[in-house]
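Coordinates from protein-v4.tsv are shown below (TSV, C-alpha atoms).
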```
chain	number	residue	atom	x	y	z
J	494	MET	CA	42.68	-25.04	8.65
J	495	SER	CA	39.84	-23.47	10.66
J	496	PHE	CA	41.57	-20.09	10.21
J	497	LEU	CA	41.38	-20.45	6.42
J	498	LYS	CA	37.73	-21.43	6.70
J	499	ASN	CA	37.04	-18.22	8.60
J	500	ILE	CA	38.67	-16.18	5.84
J	501	PHE	CA	37.14	-17.86	2.83
J	502	GLY	CA	33.83	-18.96	4.33
J	503	LYS	CA	32.85	-15.73	6.03
J	504	LYS	CA	29.22	-14.80	5.38
J	505	ASP	CA	27.74	-11.33	5.16
J	506	GLU	CA	26.41	-9.90	8.39
J	507	PRO	CA	22.60	-10.21	8.63
J	508	ILE	CA	20.64	-7.17	7.49
J	509	LYS	CA	18.58	-5.89	10.43
J	510	SER	CA	18.35	-2.16	9.68
J	511	TYR	CA	18.50	0.38	6.88
J	512	PHE	CA	22.06	1.18	7.99
J	513	ASP	CA	23.04	-2.48	7.66
J	514	PHE	CA	21.62	-2.63	4.16
J	515	TRP	CA	23.44	0.44	2.91
J	516	THR	CA	26.70	-0.70	4.55
J	517	TRP	CA	26.41	-3.95	2.61
J	518	PHE	CA	25.46	-2.08	-0.58
J	519	GLN	CA	28.47	0.22	-0.37
J	520	LYS	CA	30.80	-2.76	-0.13
J	521	ASN	CA	29.43	-4.09	-3.42
J	522	GLU	CA	28.36	-0.97	-5.30
J	523	LYS	CA	31.31	-0.86	-7.72
J	524	ASP	CA	30.58	-4.39	-8.95
J	525	PHE	CA	26.87	-3.56	-9.23
J	526	TYR	CA	27.65	-0.34	-11.10
J	527	ASN	CA	29.78	-2.16	-13.68
J	528	VAL	CA	27.14	-4.86	-14.18
J	529	VAL	CA	24.36	-2.36	-14.87
J	530	LYS	CA	26.49	-0.10	-17.06
J	531	SER	CA	27.64	-3.03	-19.17
J	532	ARG	CA	24.01	-4.21	-19.46
J	533	GLN	CA	25.18	-7.80	-19.10
J	534	ASN	CA	23.99	-10.39	-16.58
J	535	ILE	CA	22.07	-7.81	-14.53
J	536	GLU	CA	19.82	-10.52	-13.13
J	537	LYS	CA	22.67	-12.70	-11.91
J	538	GLY	CA	25.23	-10.01	-11.14
J	539	PHE	CA	22.92	-7.56	-9.35
J	540	PHE	CA	19.33	-8.60	-8.73
J	541	ASP	CA	20.10	-12.11	-7.43
J	542	LYS	CA	22.32	-10.50	-4.77
J	543	LEU	CA	20.09	-7.52	-4.04
J	544	SER	CA	16.83	-9.42	-3.59
J	545	PRO	CA	17.73	-11.59	-0.57
J	546	LYS	CA	19.28	-8.62	1.24
J	547	LEU	CA	16.13	-6.56	0.80
J	548	GLY	CA	14.15	-9.59	1.92
J	549	GLU	CA	16.09	-9.68	5.18
J	550	LEU	CA	14.75	-6.20	5.91
J	551	LYS	CA	11.14	-6.92	4.97
J	552	ASP	CA	9.02	-8.62	2.34
J	553	GLY	CA	7.62	-6.34	-0.33
J	554	TYR	CA	10.61	-4.51	-1.81
J	555	PHE	CA	10.68	-4.53	-5.62
J	556	TYR	CA	13.17	-2.78	-7.85
J	557	LEU	CA	14.07	-1.50	-11.31
J	558	THR	CA	17.44	-0.31	-12.57
J	559	GLY	CA	19.08	1.29	-15.58
J	560	MET	CA	21.36	4.15	-16.60
J	561	PHE	CA	20.01	7.54	-15.52
J	562	ASP	CA	22.70	9.20	-17.66
J	563	ASP	CA	26.06	8.12	-19.09
J	564	ASN	CA	27.72	7.99	-15.68
J	565	THR	CA	24.87	7.36	-13.22
J	566	VAL	CA	23.01	4.16	-12.40
J	567	GLU	CA	19.48	4.65	-11.06
J	568	LEU	CA	17.97	2.12	-8.67
J	569	VAL	CA	14.21	2.56	-8.28
J	570	LEU	CA	12.72	0.80	-5.27
J	571	THR	CA	8.99	0.21	-5.57
J	572	ALA	CA	6.14	-1.26	-3.53
J	573	ASP	CA	4.56	-2.59	-6.74
J	574	GLY	CA	1.23	-1.00	-5.82
J	575	ASN	CA	1.02	-2.40	-2.27
J	576	THR	CA	0.08	0.60	-0.13
J	577	LYS	CA	1.18	-0.85	3.20
J	578	ASN	CA	4.80	-1.14	1.97
J	579	ILE	CA	5.19	2.39	0.58
J	580	VAL	CA	6.46	3.95	3.81
J	581	PHE	CA	9.25	1.35	4.09
J	582	ILE	CA	10.37	2.08	0.51
J	583	GLU	CA	10.44	5.81	1.28
J	584	GLU	CA	12.38	5.33	4.51
J	585	LEU	CA	14.98	3.04	2.96
J	586	VAL	CA	15.70	5.48	0.14
J	587	ALA	CA	15.70	8.47	2.52
J	588	SER	CA	18.43	6.75	4.55
J	589	ALA	CA	20.65	6.07	1.51
J	590	PRO	CA	24.15	7.53	1.61
J	591	ASN	CA	25.57	9.59	-1.24
J	592	ILE	CA	27.39	7.15	-3.50
J	593	ASN	CA	29.21	8.50	-6.54
J	594	GLY	CA	27.61	7.21	-9.73
J	595	TRP	CA	24.32	6.19	-8.12
J	596	LYS	CA	20.84	7.71	-7.92
J	597	PHE	CA	18.27	6.09	-5.59
J	598	THR	CA	14.57	6.72	-6.18
J	599	ALA	CA	11.64	5.83	-3.93
J	600	LEU	CA	8.65	4.59	-5.95
J	601	LYS	CA	8.20	4.80	-9.70
J	602	PRO	CA	8.29	8.47	-10.72
J	603	ALA	CA	5.75	10.09	-13.02
J	604	LEU	CA	6.76	10.32	-16.69
J	605	ASN	CA	5.72	12.64	-19.48
J	606	ILE	CA	3.06	11.09	-21.68
J	607	GLU	CA	5.36	11.03	-24.71
J	608	ASP	CA	7.88	8.96	-22.73
J	609	VAL	CA	5.42	6.24	-21.78
J	610	SER	CA	4.94	3.39	-24.21
J	611	ILE	CA	4.44	-0.11	-22.86
J	612	GLU	CA	4.50	-3.25	-24.99
J	613	MET	CA	3.54	-6.63	-23.55
J	614	ALA	CA	1.89	-9.79	-24.82
J	615	GLY	CA	2.02	-8.31	-28.32
J	616	LEU	CA	-0.09	-5.30	-27.23
J	617	LYS	CA	0.87	-1.65	-27.05
J	618	PHE	CA	-0.20	0.88	-24.44
J	619	ASN	CA	0.36	4.54	-25.24
J	620	SER	CA	-1.33	7.89	-25.82
J	621	GLU	CA	-2.61	6.69	-29.19
J	622	ASN	CA	-4.84	3.87	-27.98
J	623	LEU	CA	-5.87	4.73	-24.40
J	624	TYR	CA	-8.74	7.01	-23.35
J	625	PHE	CA	-10.65	7.72	-20.14
J	626	TYR	CA	-13.72	9.29	-18.61
J	627	SER	CA	-14.81	9.97	-15.05
J	628	ASN	CA	-18.03	8.80	-13.44
J	629	ASP	CA	-19.99	11.17	-11.21
J	630	LEU	CA	-21.33	9.37	-8.13
J	631	PRO	CA	-24.07	11.49	-6.46
J	632	ASN	CA	-23.98	9.52	-3.22
J	633	TYR	CA	-20.17	9.64	-3.10
J	634	PRO	CA	-19.20	13.01	-4.57
J	635	ASP	CA	-15.54	12.85	-3.49
J	636	GLU	CA	-14.89	9.46	-5.09
J	637	ILE	CA	-12.61	9.62	-8.13
J	638	ASP	CA	-14.08	6.85	-10.26
J	639	VAL	CA	-12.33	6.41	-13.62
J	640	CYS	CA	-12.93	4.19	-16.64
J	641	ILE	CA	-10.05	3.54	-19.05
J	642	THR	CA	-10.62	2.21	-22.54
J	643	HIS	CA	-8.17	0.57	-24.93
J	644	ASN	CA	-8.85	0.54	-28.65
J	645	ASP	CA	-7.93	-3.13	-29.04
J	646	MET	CA	-9.65	-4.71	-26.05
J	647	ASN	CA	-11.81	-7.76	-26.72
J	648	ASP	CA	-13.01	-10.77	-24.75
J	649	ASP	CA	-9.88	-12.76	-25.57
J	650	ASN	CA	-7.30	-10.21	-24.42
J	651	ARG	CA	-9.25	-8.49	-21.66
J	652	GLN	CA	-6.96	-9.58	-18.79
J	653	GLN	CA	-3.80	-8.71	-20.72
J	654	ILE	CA	-5.22	-5.27	-21.49
J	655	ILE	CA	-6.12	-4.71	-17.84
J	656	ASN	CA	-2.63	-5.71	-16.69
J	657	GLY	CA	-0.91	-3.54	-19.29
J	658	THR	CA	-3.10	-0.54	-18.49
J	659	TYR	CA	-2.21	-0.72	-14.80
J	660	ILE	CA	1.49	-0.81	-15.68
J	661	PHE	CA	1.02	2.14	-18.05
J	662	LEU	CA	-0.72	4.21	-15.36
J	663	ASP	CA	1.92	3.30	-12.78
J	664	ASN	CA	4.55	4.82	-15.06
J	665	TYR	CA	2.53	7.74	-16.43
J	666	LEU	CA	1.05	8.99	-13.15
J	667	GLY	CA	3.85	7.80	-10.89
J	668	GLU	CA	3.34	5.12	-8.27
J	669	LEU	CA	2.39	7.41	-5.38
J	670	ASP	CA	-0.06	9.57	-7.34
J	671	PHE	CA	-1.71	6.47	-8.82
J	672	VAL	CA	-2.36	5.17	-5.29
J	673	ASN	CA	-3.46	8.52	-3.89
J	674	ASN	CA	-5.49	10.04	-6.72
J	675	ILE	CA	-7.68	7.25	-8.13
J	676	ASP	CA	-10.24	5.60	-5.86
J	677	ASN	CA	-11.93	3.22	-8.31
J	678	LEU	CA	-10.65	2.09	-11.69
J	679	GLN	CA	-12.25	0.02	-14.44
J	680	VAL	CA	-10.60	-0.97	-17.71
J	681	ILE	CA	-13.22	-1.54	-20.39
J	682	ALA	CA	-13.63	-1.97	-24.14
J	683	LYS	CA	-14.55	1.07	-26.22
J	684	SER	CA	-17.94	-0.46	-26.95
J	685	GLU	CA	-18.69	-0.50	-23.22
J	686	ALA	CA	-18.06	3.21	-22.71
J	687	LYS	CA	-21.03	5.22	-21.41
J	688	LYS	CA	-19.60	8.71	-21.76
J	689	GLU	CA	-17.50	10.73	-24.18
J	690	LEU	CA	-13.91	9.53	-24.25
J	691	VAL	CA	-11.04	11.85	-23.30
J	692	PRO	CA	-7.43	11.31	-24.46
J	693	ILE	CA	-5.34	9.66	-21.73
J	694	ALA	CA	-2.85	12.55	-21.97
J	695	LYS	CA	-5.40	14.71	-20.10
J	696	LEU	CA	-5.82	12.30	-17.18
J	697	LYS	CA	-2.98	13.75	-15.13
J	698	ASP	CA	-4.41	17.28	-15.26
J	699	PHE	CA	-7.87	16.01	-14.38
J	700	LEU	CA	-6.59	14.15	-11.32
J	701	THR	CA	-4.52	17.12	-10.18
J	702	TRP	CA	-7.63	19.31	-10.31
J	703	ARG	CA	-9.75	16.78	-8.39
J	704	GLN	CA	-7.07	16.27	-5.76
J	705	LYS	CA	-6.69	20.03	-5.29
J	706	GLU	CA	-10.44	20.30	-4.68
J	707	PHE	CA	-10.29	17.44	-2.20
J	708	VAL	CA	-7.38	18.93	-0.24
J	709	GLU	CA	-9.06	22.35	-0.07
J	710	LYS	CA	-12.22	20.70	1.28
J	711	TYR	CA	-10.65	18.41	3.90
J	712	ASP	CA	-7.15	19.69	4.71
J	713	GLY	CA	-6.63	19.82	8.47
J	714	VAL	CA	-9.91	18.11	9.37
J	715	ARG	CA	-9.57	16.27	12.70
J	716	TYR	CA	-11.96	14.29	14.89
J	717	ASP	CA	-11.80	13.92	18.68
J	718	THR	CA	-13.08	10.52	19.86
J	719	GLU	CA	-12.68	11.23	23.58
J	720	ASN	CA	-16.39	11.65	24.32
J	721	ASP	CA	-17.70	9.10	21.81
J	722	GLU	CA	-19.73	6.10	22.88
J	723	TYR	CA	-18.97	2.58	21.68
J	724	SER	CA	-21.87	0.23	21.01
J	725	ILE	CA	-21.67	-3.47	21.81
J	726	MET	CA	-23.22	-5.71	19.18
J	727	GLU	CA	-23.80	-9.42	19.70
J	728	ALA	CA	-25.00	-12.08	17.28
J	729	LYS	CA	-25.16	-15.82	16.95
J	730	LEU	CA	-23.80	-17.10	13.64
J	731	GLU	CA	-25.24	-19.97	11.60
J	732	SER	CA	-22.36	-22.13	12.80
J	733	GLY	CA	-23.49	-21.59	16.38
J	734	ASN	CA	-20.45	-19.45	17.13
J	735	MET	CA	-20.81	-16.06	18.77
J	736	LEU	CA	-19.95	-12.69	17.23
J	737	LEU	CA	-19.11	-9.72	19.41
J	738	ALA	CA	-18.41	-6.23	17.98
J	739	VAL	CA	-17.50	-3.05	19.84
J	740	ILE	CA	-17.99	-0.15	17.43
J	741	ASN	CA	-17.77	3.65	17.67
J	742	THR	CA	-21.23	4.31	16.25
J	743	ASN	CA	-20.90	8.06	16.81
J	744	LEU	CA	-17.95	8.09	14.45
J	745	LEU	CA	-19.84	6.12	11.80
J	746	GLU	CA	-22.31	9.02	11.56
J	747	TRP	CA	-19.59	11.63	10.96
J	748	ASP	CA	-20.18	13.62	7.76
J	749	ARG	CA	-16.46	14.17	7.00
J	750	GLN	CA	-15.41	10.56	6.63
J	751	ALA	CA	-13.72	11.19	3.28
J	752	SER	CA	-11.05	13.21	5.12
J	753	HIS	CA	-9.80	9.86	6.51
J	754	PRO	CA	-9.99	7.69	3.37
J	755	TRP	CA	-7.55	4.94	4.35
J	756	LEU	CA	-9.01	1.96	6.18
J	757	ALA	CA	-6.68	-0.35	8.07
J	758	VAL	CA	-7.76	-3.78	9.29
J	759	MET	CA	-5.62	-6.03	11.46
J	760	THR	CA	-6.72	-9.65	11.92
J	761	LEU	CA	-5.36	-11.72	14.81
J	762	LYS	CA	-6.15	-15.44	14.66
J	763	TYR	CA	-6.45	-17.53	17.83
J	764	ASP	CA	-7.79	-20.96	18.79
J	765	GLY	CA	-11.44	-20.58	19.78
J	766	SER	CA	-12.46	-24.15	19.01
J	767	LYS	CA	-13.44	-24.83	22.65
J	768	ASN	CA	-15.20	-21.53	23.21
J	769	ASN	CA	-17.73	-21.01	20.37
J	770	GLY	CA	-15.13	-19.23	18.28
J	771	MET	CA	-14.21	-16.78	21.03
J	772	PRO	CA	-10.76	-16.46	22.68
J	773	ASN	CA	-9.93	-18.11	25.99
J	774	ASN	CA	-9.20	-15.90	28.99
J	775	ALA	CA	-5.44	-15.71	28.42
J	776	ASP	CA	-5.82	-14.87	24.73
J	777	TYR	CA	-8.57	-12.37	25.50
J	778	GLU	CA	-6.30	-10.53	27.91
J	779	LEU	CA	-3.36	-10.51	25.49
J	780	LEU	CA	-5.55	-9.29	22.62
J	781	GLY	CA	-6.64	-6.42	24.84
J	782	THR	CA	-3.02	-5.56	25.61
J	783	ILE	CA	-2.16	-5.55	21.92
J	784	GLU	CA	-5.10	-3.30	21.13
J	785	ASP	CA	-4.12	-0.90	23.92
J	786	GLU	CA	-0.58	-0.66	22.52
J	787	ILE	CA	-1.90	0.06	19.04
J	788	MET	CA	-4.20	2.75	20.42
J	789	LEU	CA	-1.25	4.45	22.16
J	790	SER	CA	0.57	4.62	18.83
J	791	LEU	CA	-2.36	5.59	16.60
J	792	LYS	CA	-3.95	8.72	18.08
J	793	ASP	CA	-6.99	10.53	16.73
J	794	LYS	CA	-5.22	13.92	16.90
J	795	ASP	CA	-2.72	12.55	14.38
J	796	GLY	CA	-5.46	11.45	11.98
J	797	ASN	CA	-5.91	7.83	13.07
J	798	LEU	CA	-9.44	7.01	14.21
J	799	ASN	CA	-10.29	3.76	15.96
J	800	ILE	CA	-13.55	2.42	14.54
J	801	GLY	CA	-13.64	-0.54	16.91
J	802	ARG	CA	-13.22	-4.30	16.76
J	803	GLN	CA	-15.05	-7.50	15.88
J	804	THR	CA	-14.42	-10.91	17.47
J	805	ALA	CA	-15.79	-14.12	15.97
J	806	ASN	CA	-14.83	-17.43	14.36
J	807	ASN	CA	-11.32	-17.58	15.88
J	808	GLU	CA	-10.40	-14.08	14.71
J	809	ARG	CA	-10.29	-10.57	16.10
J	810	ASP	CA	-10.41	-7.70	13.59
J	811	ILE	CA	-9.26	-4.24	14.70
J	812	TYR	CA	-10.41	-1.31	12.54
J	813	PHE	CA	-8.92	2.14	11.94
J	814	ALA	CA	-9.70	4.97	9.52
J	815	CYS	CA	-6.70	7.19	8.76
J	816	ASN	CA	-5.92	10.36	6.88
J	817	ASP	CA	-2.64	8.82	5.72
J	818	PHE	CA	-1.40	5.25	5.43
J	819	ARG	CA	2.18	5.64	6.68
J	820	LYS	CA	1.87	5.63	10.47
J	821	VAL	CA	-0.63	2.79	10.56
J	822	SER	CA	1.58	0.77	8.17
J	823	LYS	CA	4.49	1.02	10.59
J	824	THR	CA	2.41	0.38	13.71
J	825	PHE	CA	0.71	-2.70	12.30
J	826	ASN	CA	4.02	-4.06	10.99
J	827	GLU	CA	5.65	-3.60	14.41
J	828	THR	CA	2.72	-5.36	16.07
J	829	GLN	CA	2.97	-8.25	13.64
J	830	LYS	CA	6.68	-8.67	14.35
J	831	LYS	CA	6.26	-8.37	18.13
J	832	TYR	CA	3.32	-10.77	18.55
J	833	GLY	CA	3.67	-13.02	15.51
J	834	ASP	CA	4.72	-15.90	17.75
J	835	LYS	CA	1.50	-15.57	19.81
J	836	PHE	CA	-1.08	-15.18	17.04
J	837	GLU	CA	-1.21	-15.49	13.28
J	838	ILE	CA	-1.44	-11.81	12.31
J	839	GLU	CA	-2.42	-10.30	8.98
J	840	TYR	CA	-3.29	-6.74	8.03
J	841	ASP	CA	-4.51	-4.77	5.06
J	842	ILE	CA	-4.65	-1.05	4.22
J	843	TYR	CA	-6.90	0.17	1.44
J	844	LYS	CA	-8.85	3.23	0.35
J	845	ASP	CA	-12.57	3.52	1.13
J	846	LYS	CA	-13.49	7.21	1.31
J	847	TYR	CA	-17.03	6.64	2.52
J	848	TRP	CA	-16.25	3.76	4.89
J	849	GLN	CA	-18.58	1.43	3.02
J	850	THR	CA	-16.72	-1.43	4.75
J	851	PHE	CA	-18.67	-0.60	7.91
J	852	GLU	CA	-22.18	-0.37	6.45
J	853	ARG	CA	-23.10	-3.61	8.21
J	854	PHE	CA	-22.56	-1.94	11.57
J	855	LYS	CA	-24.70	1.06	10.61
J	856	GLN	CA	-27.53	-1.24	9.55
J	857	HIS	CA	-27.31	-3.00	12.88
```
Please express what this file holds, its structure, as structure tokens.
Amino acid sequence: MSFLKNIFGKKDEPIKSYFDFWTWFQKNEKDFYNVVKSRQNIEKGFFDKLSPKLGELKDGYFYLTGMFDDNTVELVLTADGNTKNIVFIEELVASAPNINGWKFTALKPALNIEDVSIEMAGLKFNSENLYFYSNDLPNYPDEIDVCITHNDMNDDNRQQIINGTYIFLDNYLGELDFVNNIDNLQVIAKSEAKKELVPIAKLKDFLTWRQKEFVEKYDGVRYDTENDEYSIMEAKLESGNMLLAVINTNLLEWDRQASHPWLAVMTLKYDGSKNNGMPNNADYELLGTIEDEIMLSLKDKDGNLNIGRQTANNERDIYFACNDFRKVSKTFNETQKKYGDKFEIEYDIYKDKYWQTFERFKQH
């Protein structure tokens, strides 16, 4: 009886690597292919099986599927706009085997303007009703600050228009270019526009031109932190807790900050309730070890600059500015997995070309 249970009750092996995932996928790909091609029960027959397996690898994998041509199913894996997950999408797809009848795509690809028409909540988003203009920011000349207008926006549908516009841009520009090429985005009503409106079909060319200028200006720029001095800043908070920051103030005066536009912040939470919000000796030592390991992985010569750290209110924040988000995404994720049983660890990666996040340390 136990022998029969082993045969009929056998579970899939846990997914611990990209190889494991694709091994599992290959075992099921014919069933998945038929489900997608027939366009019946895709949710139940494909997505409900795919989702938990991707989740075993890591949170943050999203997906789209459909027929690429008459004989090929395309599976698009997407980070859904979350920058810190992009590298894992790219790596998973790069490791995919060749499977007859399948095409695997990392991130939503760019589409021609005539092929992009979104309809949601009874609203349409296309080249006929979307326009844009760019704001010039004298104090931040490298910022790409864009306003998008929709002909039908009003106070009642504002949020739906904003959501639909983001989805439109994700498909029109492509997921990676949307993340890389627009720094600030506002979606506004036509009546709120402050400059002449340009058809949305010209946005892609505009962004390509601006990005080319940016690359020519900053390509290859590196910063050596070896001889920099770190300033120690102390303060007493209203709660009575202490704040201690150790910041590379030399680096904050650098005039080429826009060359490292990605800011990465890791927050490690500890119990400082008996120590004015500061870590106890054991936690302090372990936090230092973690920071040292991160520093060994994220080197300035590779475009990862350590801004410093802040400790207060039961949290330590570690700050980096990077010329690309991929390496820091992997390093922070590995740290979270390794030390997640010691501290509650969160991290975020976002674009801030002029490091405005750190203005408070400059003022100090």
Open item on the list: With distances taken over only C-alpha atoms, which residue among J:Val758, J:Ile637, J:Ile579, J:Val691 lies nearest J:Ile842?
Closed with: J:Val758
Restrict the calculation to all atoms listed in the file, then for each residue of stretch 767-813 of chain J with any atom at most 12 Å from an atom of stretch 724-727 of chain J give the closest atom pair and their distance in Å to one decimal, rows by chain and rising residue number, as CSV.
```
residue,atom,partner,partner_atom,distance
J:Ile800,CA,J:Ser724,CA,10.8
J:Gly801,CA,J:Ser724,CA,9.2
J:Arg802,CA,J:Ile725,CA,9.9
J:Gln803,CA,J:Met726,CA,9.0
J:Thr804,CA,J:Glu727,CA,9.8
J:Ala805,CA,J:Glu727,CA,10.0
```
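Residues in contact range of J:Cys815, defined as at most 10 Å between only C-alpha atoms, with sequence neighbours fewer than 4 positions away removed, read Gln750, Ala751, Ser752, His753, Pro754, Trp755, Leu756, Ala757, Leu791, Lys792, Asp793, Asp795, Gly796, Asn797, Leu798, Asn799, Arg819, Lys820, Val821, Ile842 and Lys844 of chain J.
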- [ ] Show which residues sit within 9 Å of J:Ala603, as a PyMOL selection string. Count all atoms listed in the file, and ignore same-chain residues fewer than 6 positions away.
- [x] chain J and resi 663-670
Task: d(atom CA of J:Asn720, atom CA of J:Tyr812) in Å - done: 18.5 Å
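The residue that comes closest to J:Pro507, out of J:Leu730, J:Glu522, J:Lys705, J:Pro545 and on the basis of only C-alpha atoms, is J:Pro545.
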Stretch 744-748 of chain J: axis-aligned bounding box, 6 Å on each side, centre and edge lengths in Å, one decimal, as JSON:
```
{"center_x": -20.1, "center_y": 9.9, "center_z": 11.1, "size_x": 16.4, "size_y": 19.5, "size_z": 18.7}
```
TODO: May I have the residues within 9 Å of J:Gly538 as a ChimeraX atom specification, using all atoms listed in the file and disregarding those fewer than 2 positions away in the same chain?
DONE: /J:524-525,528-529,533-536,540-542
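The spacing separating atom CA of J:Leu570 from atom CA of J:Lys601 amounts to 7.5 Å.
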TODO: Write out as number ranges by chain which residues come within 6 Å of J:Asn734 when counting only C-alpha atoms, dropping same-chain ones fewer than 5 positions away.
DONE: J: 729, 769-770
If you keep C-alpha atoms, can you produce a file of those selected residues as a tab-separated table (two decimals), keeping the file's coordinate frame?
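Just written: part36.tsv:
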```
chain	number	residue	atom	x	y	z
J	729	LYS	CA	-25.16	-15.82	16.95
J	769	ASN	CA	-17.73	-21.01	20.37
J	770	GLY	CA	-15.13	-19.23	18.28
```
Could you model N, CA and C atoms for stretch 697-716 of chain J and present them as a PDB file, in the coordinates of the input?
```
ATOM      1  N   LYS J 697      -3.791  13.207 -16.219  1.00  0.00           N
ATOM      2  CA  LYS J 697      -2.980  13.750 -15.130  1.00  0.00           C
ATOM      3  C   LYS J 697      -3.517  15.107 -14.668  1.00  0.00           C
ATOM      4  N   ASP J 698      -3.861  15.966 -15.616  1.00  0.00           N
ATOM      5  CA  ASP J 698      -4.410  17.280 -15.260  1.00  0.00           C
ATOM      6  C   ASP J 698      -5.753  17.150 -14.554  1.00  0.00           C
ATOM      7  N   PHE J 699      -6.573  16.229 -15.021  1.00  0.00           N
ATOM      8  CA  PHE J 699      -7.870  16.010 -14.380  1.00  0.00           C
ATOM      9  C   PHE J 699      -7.693  15.575 -12.925  1.00  0.00           C
ATOM     10  N   LEU J 700      -6.792  14.644 -12.682  1.00  0.00           N
ATOM     11  CA  LEU J 700      -6.590  14.150 -11.320  1.00  0.00           C
ATOM     12  C   LEU J 700      -5.985  15.218 -10.416  1.00  0.00           C
ATOM     13  N   THR J 701      -5.100  16.020 -10.963  1.00  0.00           N
ATOM     14  CA  THR J 701      -4.520  17.120 -10.180  1.00  0.00           C
ATOM     15  C   THR J 701      -5.597  18.089  -9.739  1.00  0.00           C
ATOM     16  N   TRP J 702      -6.515  18.406 -10.633  1.00  0.00           N
ATOM     17  CA  TRP J 702      -7.630  19.310 -10.310  1.00  0.00           C
ATOM     18  C   TRP J 702      -8.531  18.716  -9.234  1.00  0.00           C
ATOM     19  N   ARG J 703      -8.879  17.421  -9.374  1.00  0.00           N
ATOM     20  CA  ARG J 703      -9.750  16.780  -8.390  1.00  0.00           C
ATOM     21  C   ARG J 703      -9.066  16.685  -7.026  1.00  0.00           C
ATOM     22  N   GLN J 704      -7.779  16.385  -7.028  1.00  0.00           N
ATOM     23  CA  GLN J 704      -7.070  16.270  -5.760  1.00  0.00           C
ATOM     24  C   GLN J 704      -6.940  17.638  -5.080  1.00  0.00           C
ATOM     25  N   LYS J 705      -6.758  18.682  -5.857  1.00  0.00           N
ATOM     26  CA  LYS J 705      -6.690  20.030  -5.290  1.00  0.00           C
ATOM     27  C   LYS J 705      -8.008  20.386  -4.611  1.00  0.00           C
ATOM     28  N   GLU J 706      -9.115  20.070  -5.272  1.00  0.00           N
ATOM     29  CA  GLU J 706     -10.440  20.300  -4.680  1.00  0.00           C
ATOM     30  C   GLU J 706     -10.595  19.523  -3.370  1.00  0.00           C
ATOM     31  N   PHE J 707     -10.149  18.293  -3.372  1.00  0.00           N
ATOM     32  CA  PHE J 707     -10.290  17.440  -2.200  1.00  0.00           C
ATOM     33  C   PHE J 707      -9.477  17.995  -1.030  1.00  0.00           C
ATOM     34  N   VAL J 708      -8.239  18.400  -1.293  1.00  0.00           N
ATOM     35  CA  VAL J 708      -7.380  18.930  -0.240  1.00  0.00           C
ATOM     36  C   VAL J 708      -7.967  20.213   0.333  1.00  0.00           C
ATOM     37  N   GLU J 709      -8.459  21.090  -0.541  1.00  0.00           N
ATOM     38  CA  GLU J 709      -9.060  22.350  -0.070  1.00  0.00           C
ATOM     39  C   GLU J 709     -10.266  22.080   0.827  1.00  0.00           C
ATOM     40  N   LYS J 710     -11.002  21.023   0.540  1.00  0.00           N
ATOM     41  CA  LYS J 710     -12.220  20.700   1.280  1.00  0.00           C
ATOM     42  C   LYS J 710     -11.915  20.069   2.635  1.00  0.00           C
ATOM     43  N   TYR J 711     -10.858  19.234   2.701  1.00  0.00           N
ATOM     44  CA  TYR J 711     -10.650  18.410   3.900  1.00  0.00           C
ATOM     45  C   TYR J 711      -9.324  18.651   4.617  1.00  0.00           C
ATOM     46  N   ASP J 712      -8.460  19.501   4.090  1.00  0.00           N
ATOM     47  CA  ASP J 712      -7.150  19.690   4.710  1.00  0.00           C
ATOM     48  C   ASP J 712      -7.291  20.143   6.164  1.00  0.00           C
ATOM     49  N   GLY J 713      -6.616  19.438   7.069  1.00  0.00           N
ATOM     50  CA  GLY J 713      -6.630  19.820   8.470  1.00  0.00           C
ATOM     51  C   GLY J 713      -7.818  19.328   9.273  1.00  0.00           C
ATOM     52  N   VAL J 714      -8.740  18.606   8.638  1.00  0.00           N
ATOM     53  CA  VAL J 714      -9.910  18.110   9.370  1.00  0.00           C
ATOM     54  C   VAL J 714      -9.475  17.054  10.393  1.00  0.00           C
ATOM     55  N   ARG J 715      -9.903  17.225  11.637  1.00  0.00           N
ATOM     56  CA  ARG J 715      -9.570  16.270  12.700  1.00  0.00           C
ATOM     57  C   ARG J 715     -10.849  15.904  13.462  1.00  0.00           C
ATOM     58  N   TYR J 716     -10.808  14.784  14.136  1.00  0.00           N
ATOM     59  CA  TYR J 716     -11.960  14.290  14.890  1.00  0.00           C
ATOM     60  C   TYR J 716     -11.467  13.846  16.264  1.00  0.00           C
TER      61      TYR J 716
END
```
